[in-house]
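Heads up, target05.cif below (mmCIF, C-alpha atoms):
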data_query
#
loop_
_atom_site.label_atom_id
_atom_site.label_comp_id
_atom_site.auth_asym_id
_atom_site.auth_seq_id
_atom_site.Cartn_x
_atom_site.Cartn_y
_atom_site.Cartn_z
CA MET A 29 -39.20 -103.66 -23.20
CA LEU A 30 -39.67 -106.69 -25.43
CA SER A 31 -36.32 -108.07 -24.33
CA GLU A 32 -37.37 -108.14 -20.67
CA ILE A 33 -40.66 -109.86 -21.52
CA VAL A 34 -38.77 -112.55 -23.44
CA ASP A 35 -36.37 -112.95 -20.50
CA ILE A 36 -39.26 -113.46 -18.09
CA ILE A 37 -40.84 -116.06 -20.39
CA VAL A 38 -37.47 -117.86 -20.63
CA TYR A 39 -37.15 -117.96 -16.84
CA ILE A 40 -40.71 -119.25 -16.41
CA LEU A 41 -40.09 -122.05 -18.93
CA LEU A 42 -36.82 -122.96 -17.19
CA ALA A 43 -38.59 -123.08 -13.82
CA ILE A 44 -41.34 -125.39 -15.15
CA GLY A 45 -38.78 -127.72 -16.73
CA VAL A 46 -36.60 -127.95 -13.61
CA PHE A 47 -39.67 -128.50 -11.44
CA PHE A 48 -40.74 -131.49 -13.53
CA ASN A 49 -37.21 -132.90 -13.56
CA LEU A 50 -37.16 -132.71 -9.76
CA LEU A 51 -40.54 -134.47 -9.69
CA ALA A 52 -39.00 -137.23 -11.81
CA GLY A 53 -36.25 -137.82 -9.25
CA LEU A 54 -38.71 -137.73 -6.37
CA GLY A 55 -41.14 -140.10 -8.06
CA LEU A 56 -38.34 -142.48 -8.95
CA LEU A 57 -37.46 -142.63 -5.26
CA ARG A 58 -40.98 -142.88 -3.82
CA PHE A 59 -43.03 -145.09 -6.16
CA PRO A 60 -43.42 -148.77 -5.21
CA ASP A 61 -42.98 -150.57 -8.51
CA VAL A 62 -40.94 -150.77 -11.71
CA TYR A 63 -43.85 -149.74 -13.90
CA THR A 64 -44.91 -146.76 -11.79
CA ARG A 65 -41.27 -145.70 -11.56
CA LEU A 66 -41.16 -145.79 -15.36
CA HIS A 67 -44.10 -143.37 -15.41
CA ALA A 68 -42.21 -140.96 -13.16
CA GLY A 69 -38.75 -141.40 -14.61
CA THR A 70 -39.62 -141.17 -18.28
CA LYS A 71 -42.68 -139.01 -18.75
CA CYS A 72 -41.63 -136.31 -16.30
CA THR A 73 -38.14 -135.99 -17.77
CA THR A 74 -39.51 -135.83 -21.32
CA PHE A 75 -41.97 -133.10 -20.32
CA GLY A 76 -39.28 -131.15 -18.47
CA ALA A 77 -36.86 -131.49 -21.37
CA ILE A 78 -39.48 -130.05 -23.73
CA PHE A 79 -39.83 -126.94 -21.56
CA ILE A 80 -36.10 -126.46 -20.99
CA CYS A 81 -35.39 -126.87 -24.73
CA GLY A 82 -38.21 -124.41 -25.43
CA SER A 83 -36.59 -121.82 -23.19
CA ILE A 84 -33.20 -122.37 -24.82
CA ILE A 85 -34.69 -122.06 -28.32
CA LEU A 86 -36.48 -118.84 -27.31
CA LEU A 87 -33.26 -117.39 -25.88
CA GLY A 88 -31.34 -118.36 -29.02
CA LEU A 89 -33.96 -116.69 -31.21
CA LYS A 90 -33.71 -113.57 -29.04
CA MET A 91 -29.92 -113.54 -29.46
CA TRP A 92 -30.41 -113.98 -33.20
CA PHE A 93 -32.77 -111.01 -33.45
CA GLN A 94 -30.27 -108.93 -31.49
CA GLY A 95 -27.69 -109.57 -34.18
CA SER A 96 -25.61 -112.46 -32.85
CA SER A 97 -25.18 -115.24 -35.37
CA ASP A 98 -24.45 -117.71 -32.54
CA GLY A 99 -28.07 -117.60 -31.46
CA SER A 100 -29.54 -119.22 -34.56
CA VAL A 101 -27.00 -122.08 -34.39
CA LEU A 102 -27.83 -122.63 -30.72
CA ALA A 103 -31.57 -122.68 -31.42
CA ILE A 104 -31.36 -125.08 -34.37
CA HIS A 105 -29.04 -127.52 -32.60
CA THR A 106 -31.19 -127.47 -29.50
CA ALA A 107 -34.20 -128.31 -31.68
CA GLY A 108 -32.22 -131.29 -33.02
CA ALA A 109 -31.44 -132.45 -29.47
CA LEU A 110 -35.12 -132.06 -28.55
CA ILE A 111 -36.17 -134.24 -31.50
CA ALA A 112 -33.60 -136.87 -30.45
CA ILE A 113 -34.96 -136.88 -26.89
CA LEU A 114 -38.57 -137.05 -28.08
CA ILE A 115 -37.88 -140.06 -30.31
CA THR A 116 -35.57 -142.05 -28.07
CA ASN A 117 -37.03 -141.56 -24.58
CA PRO A 118 -40.49 -143.21 -24.94
CA THR A 119 -39.04 -146.01 -27.06
CA GLY A 120 -36.48 -146.83 -24.39
CA ALA A 121 -39.17 -146.79 -21.72
CA HIS A 122 -41.29 -149.19 -23.76
CA ALA A 123 -38.34 -151.55 -24.18
CA ILE A 124 -37.58 -151.48 -20.44
CA ALA A 125 -41.21 -152.17 -19.51
CA ARG A 126 -41.45 -155.08 -21.94
CA ALA A 127 -38.17 -156.53 -20.65
CA ALA A 128 -39.31 -156.16 -17.04
CA HIS A 129 -42.60 -157.94 -17.72
CA ARG A 130 -40.97 -160.74 -19.65
CA SER A 131 -38.28 -161.24 -17.02
CA GLY A 132 -40.99 -161.95 -14.47
CA VAL A 133 -41.42 -158.73 -12.46
CA LYS A 134 -45.00 -158.46 -11.22
CA PRO A 135 -46.83 -155.16 -10.70
CA VAL A 136 -47.41 -154.41 -7.02
CA GLY A 137 -51.08 -154.56 -6.11
CA ALA A 138 -52.32 -155.55 -9.55
CA VAL A 139 -55.37 -157.82 -9.62
CA VAL A 140 -55.56 -158.69 -13.32
CA ASP A 141 -52.55 -159.11 -15.60
CA ASP A 142 -53.76 -159.36 -19.19
CA LEU A 143 -50.40 -160.42 -20.60
CA GLU A 144 -49.89 -163.23 -18.11
CA GLY A 145 -48.97 -166.60 -19.58
CA LYS A 146 -48.46 -165.36 -23.11
CA PRO A 147 -45.35 -166.69 -24.83
CA ALA A 148 -42.45 -164.34 -25.18
CA ARG A 149 -42.47 -164.53 -28.96
CA LYS A 150 -44.15 -166.64 -31.58
CA SER A 151 -41.26 -168.87 -32.56
CA ALA A 152 -39.63 -169.35 -29.17
CA PRO A 153 -41.07 -171.68 -26.52
CA MET A 154 -42.45 -170.27 -23.29
CA LYS A 155 -39.87 -169.36 -20.70
CA LYS A 156 -39.77 -170.75 -17.19
CA GLY A 157 -40.51 -167.44 -15.52
CA ALA A 158 -43.55 -166.64 -17.64
CA ASP A 159 -45.80 -169.49 -16.49
CA LYS A 160 -46.80 -170.03 -12.90
CA MET B 10 -12.74 -118.94 -15.63
CA ILE B 11 -16.09 -119.26 -17.33
CA GLU B 12 -18.71 -116.83 -16.07
CA ILE B 13 -22.16 -118.36 -15.67
CA GLU B 14 -25.27 -116.41 -14.75
CA PRO B 15 -26.71 -117.38 -11.34
CA ILE B 16 -30.03 -118.60 -12.78
CA TYR B 17 -28.23 -121.26 -14.81
CA LEU B 18 -26.14 -122.24 -11.80
CA THR B 19 -29.38 -122.74 -9.85
CA VAL B 20 -30.85 -124.85 -12.65
CA LEU B 21 -27.73 -127.00 -12.82
CA GLY B 22 -27.73 -127.47 -9.04
CA LEU B 23 -31.35 -128.63 -9.04
CA LEU B 24 -30.61 -131.04 -11.90
CA ILE B 25 -27.70 -132.46 -9.90
CA LEU B 26 -30.06 -132.88 -6.93
CA SER B 27 -32.46 -134.85 -9.14
CA ILE B 28 -29.58 -136.98 -10.45
CA THR B 29 -28.62 -137.71 -6.83
CA LEU B 30 -32.14 -139.01 -6.14
CA CYS B 31 -31.83 -141.27 -9.20
CA ILE B 32 -28.44 -142.56 -8.01
CA ILE B 33 -30.04 -143.52 -4.68
CA ARG B 34 -32.62 -145.53 -6.64
CA VAL B 35 -29.88 -147.19 -8.70
CA PHE B 36 -28.11 -148.33 -5.52
CA LYS B 37 -31.29 -149.34 -3.66
CA GLY B 38 -33.34 -150.89 -6.46
CA PRO B 39 -34.48 -154.38 -5.53
CA THR B 40 -34.63 -155.74 -9.09
CA ALA B 41 -32.51 -155.19 -12.19
CA PRO B 42 -35.18 -153.24 -14.19
CA ASP B 43 -35.31 -150.69 -11.33
CA ARG B 44 -31.64 -149.95 -11.82
CA VAL B 45 -32.10 -149.69 -15.59
CA VAL B 46 -34.92 -147.16 -15.10
CA GLY B 47 -32.65 -145.13 -12.83
CA LEU B 48 -29.85 -145.15 -15.37
CA ASP B 49 -32.21 -144.12 -18.18
CA THR B 50 -33.48 -141.19 -16.13
CA ILE B 51 -29.90 -140.15 -15.28
CA ASN B 52 -29.08 -140.16 -19.00
CA THR B 53 -31.95 -137.82 -19.84
CA LEU B 54 -31.08 -135.49 -16.96
CA VAL B 55 -27.43 -135.36 -18.07
CA ILE B 56 -28.57 -134.45 -21.59
CA VAL B 57 -30.72 -131.61 -20.22
CA GLY B 58 -27.81 -130.43 -18.07
CA MET B 59 -25.54 -130.36 -21.11
CA LEU B 60 -28.11 -128.23 -22.98
CA VAL B 61 -28.35 -125.77 -20.07
CA PHE B 62 -24.56 -125.60 -19.79
CA GLY B 63 -24.31 -124.97 -23.53
CA ILE B 64 -26.68 -122.01 -23.43
CA ALA B 65 -25.03 -120.70 -20.23
CA THR B 66 -21.59 -120.54 -21.82
CA ARG B 67 -22.98 -119.66 -25.29
CA SER B 68 -21.04 -122.51 -26.91
CA VAL B 69 -22.60 -124.91 -29.42
CA ILE B 70 -20.22 -127.82 -28.85
CA TYR B 71 -21.98 -128.96 -25.65
CA ILE B 72 -25.28 -129.18 -27.51
CA ASP B 73 -23.73 -131.29 -30.29
CA VAL B 74 -22.27 -133.60 -27.65
CA ALA B 75 -25.74 -133.81 -26.06
CA ILE B 76 -27.29 -135.00 -29.34
CA VAL B 77 -24.69 -137.77 -29.73
CA TYR B 78 -25.04 -138.70 -26.05
CA ALA B 79 -28.81 -139.02 -26.46
CA LEU B 80 -28.51 -141.45 -29.37
CA LEU B 81 -25.77 -143.54 -27.73
CA SER B 82 -27.61 -143.79 -24.40
CA TYR B 83 -30.73 -144.88 -26.29
CA ILE B 84 -28.80 -147.71 -27.93
CA SER B 85 -27.31 -148.78 -24.59
CA THR B 86 -30.77 -148.79 -22.97
CA LEU B 87 -32.18 -150.95 -25.77
CA PHE B 88 -29.24 -153.33 -25.44
CA ILE B 89 -29.66 -153.73 -21.66
CA ALA B 90 -33.41 -154.26 -22.09
CA LYS B 91 -32.78 -156.95 -24.69
CA TYR B 92 -30.32 -158.59 -22.32
CA LEU B 93 -32.85 -158.57 -19.46
CA GLU B 94 -35.47 -160.04 -21.74
CA GLY B 95 -33.26 -163.04 -22.37
CA GLY B 96 -33.97 -163.49 -26.07
CA GLU B 97 -31.51 -164.15 -28.81
CA PHE B 98 -30.28 -161.19 -30.81
#
Transcribe the structure of this file into structure tokens.
Amino acid sequence: MLSEIVDIIVYILLAIGVFFNLLAGLGLLRFPDVYTRLHAGTKCTTFGAIFICGSIILLGLKMWFQGSSDGSVLAIHTAGALIAILITNPTGAHAIARAAHRSGVKPVGAVVDDLEGKPARKSAPMKKGADK
Amino acid sequence: MIEIEPIYLTVLGLLILSITLCIIRVFKGPTAPDRVVGLDTINTLVIVGMLVFGIATRSVIYIDVAIVYALLSYISTLFIAKYLEGGEF
């Protein structure tokens, strides 16, 4: 009885995660701009990865309670992979967005750009692409 | 032959479909940051696929490889972003 309930919860979590990963691919294809594509390609995959890792951890815990020692190892290592994804994914997105802005890519349809004309860093002189 | 339950095969197929959409963006992308965003998304999707494959075959080694792949792809993304930015290292 309890085993079937856990199975259904695992399948629901897997479905949510795969749905958001598909949305990431679709948004990456359809959005007009680097920055909006970053929204789709990074946030959706992080959210989907959380749900898929949650389903895997739940399944590993279920295997552990049923007496298989493999399940606990699977759950703990998946938690480690989830922590790695959660730390690295937003940081990489931030680095890409900063590099895109400093290499001169303008947002499509933006009226005000608050960072426009600021020097790239304090010690270095302003680059050619940064000023109009 | 490894036996995989059909639900995990479905999940892996949908992940491959999403990766295909990202590859289209990598080929089409008008600027260089577009292609970097596509590659970053492909990296995350490959990590998730490795996790699903690991739980489908009940083997831990795929999940360990996924952790190492996550850290290495993060470093490569930071390196490409620094290169696009044009600063000194």
Specify as a CSV table (one decimal) with C-alpha atoms, in the coordinates of the input all residues of chain A found within 9 Å of chain B, counting only C-alpha atoms.
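Resulting contents of out_16.csv:
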chain,number,residue,atom,x,y,z
A,39,TYR,CA,-37.2,-118.0,-16.8
A,42,LEU,CA,-36.8,-123.0,-17.2
A,43,ALA,CA,-38.6,-123.1,-13.8
A,46,VAL,CA,-36.6,-128.0,-13.6
A,47,PHE,CA,-39.7,-128.5,-11.4
A,49,ASN,CA,-37.2,-132.9,-13.6
A,50,LEU,CA,-37.2,-132.7,-9.8
A,51,LEU,CA,-40.5,-134.5,-9.7
A,52,ALA,CA,-39.0,-137.2,-11.8
A,53,GLY,CA,-36.2,-137.8,-9.2
A,54,LEU,CA,-38.7,-137.7,-6.4
A,56,LEU,CA,-38.3,-142.5,-9.0
A,57,LEU,CA,-37.5,-142.6,-5.3
A,61,ASP,CA,-43.0,-150.6,-8.5
A,62,VAL,CA,-40.9,-150.8,-11.7
A,63,TYR,CA,-43.8,-149.7,-13.9
A,65,ARG,CA,-41.3,-145.7,-11.6
A,66,LEU,CA,-41.2,-145.8,-15.4
A,69,GLY,CA,-38.8,-141.4,-14.6
A,70,THR,CA,-39.6,-141.2,-18.3
A,73,THR,CA,-38.1,-136.0,-17.8
A,74,THR,CA,-39.5,-135.8,-21.3
A,76,GLY,CA,-39.3,-131.2,-18.5
A,77,ALA,CA,-36.9,-131.5,-21.4
A,80,ILE,CA,-36.1,-126.5,-21.0
A,81,CYS,CA,-35.4,-126.9,-24.7
A,84,ILE,CA,-33.2,-122.4,-24.8
A,87,LEU,CA,-33.3,-117.4,-25.9
A,88,GLY,CA,-31.3,-118.4,-29.0
A,98,ASP,CA,-24.4,-117.7,-32.5
A,99,GLY,CA,-28.1,-117.6,-31.5
A,101,VAL,CA,-27.0,-122.1,-34.4
A,102,LEU,CA,-27.8,-122.6,-30.7
A,105,HIS,CA,-29.0,-127.5,-32.6
A,106,THR,CA,-31.2,-127.5,-29.5
A,108,GLY,CA,-32.2,-131.3,-33.0
A,109,ALA,CA,-31.4,-132.4,-29.5
A,110,LEU,CA,-35.1,-132.1,-28.6
A,112,ALA,CA,-33.6,-136.9,-30.4
A,113,ILE,CA,-35.0,-136.9,-26.9
A,116,THR,CA,-35.6,-142.0,-28.1
A,117,ASN,CA,-37.0,-141.6,-24.6
A,119,THR,CA,-39.0,-146.0,-27.1
A,120,GLY,CA,-36.5,-146.8,-24.4
A,121,ALA,CA,-39.2,-146.8,-21.7
A,123,ALA,CA,-38.3,-151.6,-24.2
A,124,ILE,CA,-37.6,-151.5,-20.4
A,125,ALA,CA,-41.2,-152.2,-19.5
A,126,ARG,CA,-41.4,-155.1,-21.9
A,127,ALA,CA,-38.2,-156.5,-20.6
A,128,ALA,CA,-39.3,-156.2,-17.0
A,129,HIS,CA,-42.6,-157.9,-17.7
A,130,ARG,CA,-41.0,-160.7,-19.6
A,131,SER,CA,-38.3,-161.2,-17.0
A,133,VAL,CA,-41.4,-158.7,-12.5
A,148,ALA,CA,-42.4,-164.3,-25.2
A,152,ALA,CA,-39.6,-169.4,-29.2
| request: Between CA of Leu89 in chain A and CA of Lys71 in chain A, measure the distance and give it in Å to one decimal. | output: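 Answer for the CA of Leu89 in chain A to CA of Lys71 in chain A separation: 27.0 Å.
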| Straight-line distance linking CA of Ile111 in chain A with CA of Thr66 in chain B, stated in Å to one decimal |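 Between these atoms lies a distance of 22.2 Å.
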| Gap from CA of Leu86 in chain A to CA of Val34 in chain A - Å, one decimal |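 Pair CA of Leu86 in chain A / CA of Val34 in chain A returns 7.7 Å.
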| request: Name the residues in contact with Ser31 in chain A at a cut-off of 12 Å, using all atoms listed in the file, excluding same-chain residues fewer than 2 positions from it; report them as a PyMOL selection string. | output: chain A and resi 29+33-38+86-87+89-91+93-94
Please produce an output containing C-alpha atoms for each residue in the selection, written as a tab-separated table (two decimals), in the frame of the given file.
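As a result, out32.tsv now contains:
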chain	number	residue	atom	x	y	z
A	29	MET	CA	-39.20	-103.66	-23.20
A	33	ILE	CA	-40.66	-109.86	-21.52
A	34	VAL	CA	-38.77	-112.55	-23.44
A	35	ASP	CA	-36.37	-112.95	-20.50
A	36	ILE	CA	-39.26	-113.46	-18.09
A	37	ILE	CA	-40.84	-116.06	-20.39
A	38	VAL	CA	-37.47	-117.86	-20.63
A	86	LEU	CA	-36.48	-118.84	-27.31
A	87	LEU	CA	-33.26	-117.39	-25.88
A	89	LEU	CA	-33.96	-116.69	-31.21
A	90	LYS	CA	-33.71	-113.57	-29.04
A	91	MET	CA	-29.92	-113.54	-29.46
A	93	PHE	CA	-32.77	-111.01	-33.45
A	94	GLN	CA	-30.27	-108.93	-31.49
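If only C-alpha atoms are the atoms counted, then among A:Ile78, A:Ala68, A:Ile115, A:Leu30 the closest residue to Ile44 in chain A is A:Ile78.
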So for range 74-90 of chain B, what box centre and size do we get, axis-aligned, 4 Å extra on each of the six sides, every listed atom, Å to one decimal, as JSON?
{"center_x": -27.8, "center_y": -143.9, "center_z": -25.7, "size_x": 19.1, "size_y": 28.7, "size_z": 16.1}
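Among the candidates A:Gly137, A:Gly95, A:Pro118, A:Gly82, the one nearest to Leu41 in chain A when counting all atoms listed in the file is A:Gly82.
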